[in-house]
Amino acid sequence: MVYLRSGNTSGARATLQQGLARTPDAGQLLWGMGVLSVMEGQAAKAEQYLEKSVDLLPDWPGSYSALGVLYFQTGQIQKSRETLERFRQAGPRAGLDVERIEQALDAAAQHRDTGKIQGLSPQAQQQFLQIALAFADQAP
């Protein structure tokens, strides 16, 4: 995460790849590759990594959050809703305002739901990074 925070994508990539070479099904490393992929403008690849992270870490809110935000920012509102529902079904969670998230999704759905992954602007990439890291910082 230090490399991601500092914007050193090559350092982040090297570290994550080394870790995945040793432990290919490490959910947090796959999450990191997803976040890195967003920062490199590869939203479709990020989706794959983050989906796998959710599958491997069903109890970690950080994986759901990153995936849901990616879907939201790329105009895939329905997929963002589905991710929120998966999160809900994984068990009770403290500290997450689900109603507020649903309201934001309802408002966004009225304006845009592309149904497919789109690229993110550099500003949206930075927003995504800040949100993803904030949720990761809350990990136990």
# chains A, B, ... in the order shown; residues from 1 in each chain; ligands from 1
>>> residues_around(residues="Val35 (chain A)", least_positions_apart="2", cutoff="8 Å", atoms="only C-alpha atoms", output="list in words")
Trp31, Gly32, Met33, Ser37, Val38, Met39, Ala46, Leu50, Ala66, Leu129 and Ala132 of chain A
>>> write_last_selection(atoms="N, CA and C atoms", output="PDB file, in the first residue's frame")
ATOM      1  N   TRP A  31      -6.594  -7.733  -4.556  1.00  0.00           N
ATOM      2  CA  TRP A  31      -7.199  -6.413  -4.356  1.00  0.00           C
ATOM      3  C   TRP A  31      -6.210  -5.335  -4.780  1.00  0.00           C
ATOM      4  N   GLY A  32      -4.957  -5.472  -4.331  1.00  0.00           N
ATOM      5  CA  GLY A  32      -3.927  -4.511  -4.689  1.00  0.00           C
ATOM      6  C   GLY A  32      -3.722  -4.436  -6.192  1.00  0.00           C
ATOM      7  N   MET A  33      -3.740  -5.578  -6.867  1.00  0.00           N
ATOM      8  CA  MET A  33      -3.604  -5.584  -8.329  1.00  0.00           C
ATOM      9  C   MET A  33      -4.808  -4.904  -8.976  1.00  0.00           C
ATOM     10  N   SER A  37      -4.510  -1.656 -11.214  1.00  0.00           N
ATOM     11  CA  SER A  37      -5.056  -1.671 -12.576  1.00  0.00           C
ATOM     12  C   SER A  37      -5.922  -0.446 -12.839  1.00  0.00           C
ATOM     13  N   VAL A  38      -6.698  -0.027 -11.839  1.00  0.00           N
ATOM     14  CA  VAL A  38      -7.482   1.199 -11.982  1.00  0.00           C
ATOM     15  C   VAL A  38      -6.542   2.374 -12.215  1.00  0.00           C
ATOM     16  N   MET A  39      -5.492   2.443 -11.417  1.00  0.00           N
ATOM     17  CA  MET A  39      -4.551   3.562 -11.522  1.00  0.00           C
ATOM     18  C   MET A  39      -3.834   3.578 -12.877  1.00  0.00           C
ATOM     19  N   ALA A  46      -9.038  -4.487 -13.745  1.00  0.00           N
ATOM     20  CA  ALA A  46      -9.295  -4.218 -12.330  1.00  0.00           C
ATOM     21  C   ALA A  46     -10.532  -4.972 -11.863  1.00  0.00           C
ATOM     22  N   LEU A  50     -10.595  -7.510  -8.700  1.00  0.00           N
ATOM     23  CA  LEU A  50     -11.432  -7.189  -7.544  1.00  0.00           C
ATOM     24  C   LEU A  50     -12.532  -8.217  -7.331  1.00  0.00           C
ATOM     25  N   ALA A  66     -14.134  -1.592  -2.845  1.00  0.00           N
ATOM     26  CA  ALA A  66     -13.375  -1.233  -4.048  1.00  0.00           C
ATOM     27  C   ALA A  66     -14.129  -1.652  -5.302  1.00  0.00           C
ATOM     28  N   LEU A 129      -8.715   5.585  -5.738  1.00  0.00           N
ATOM     29  CA  LEU A 129      -7.584   5.212  -4.889  1.00  0.00           C
ATOM     30  C   LEU A 129      -7.810   5.667  -3.450  1.00  0.00           C
ATOM     31  N   ALA A 132     -10.549   3.439  -1.901  1.00  0.00           N
ATOM     32  CA  ALA A 132     -10.075   2.065  -1.683  1.00  0.00           C
ATOM     33  C   ALA A 132      -9.103   2.003  -0.502  1.00  0.00           C
TER      34      ALA A 132
END
>>> atom_distance(atom1="CA of Gln130 (chain A)", atom2="CA of Tyr71 (chain A)")
15.5 Å
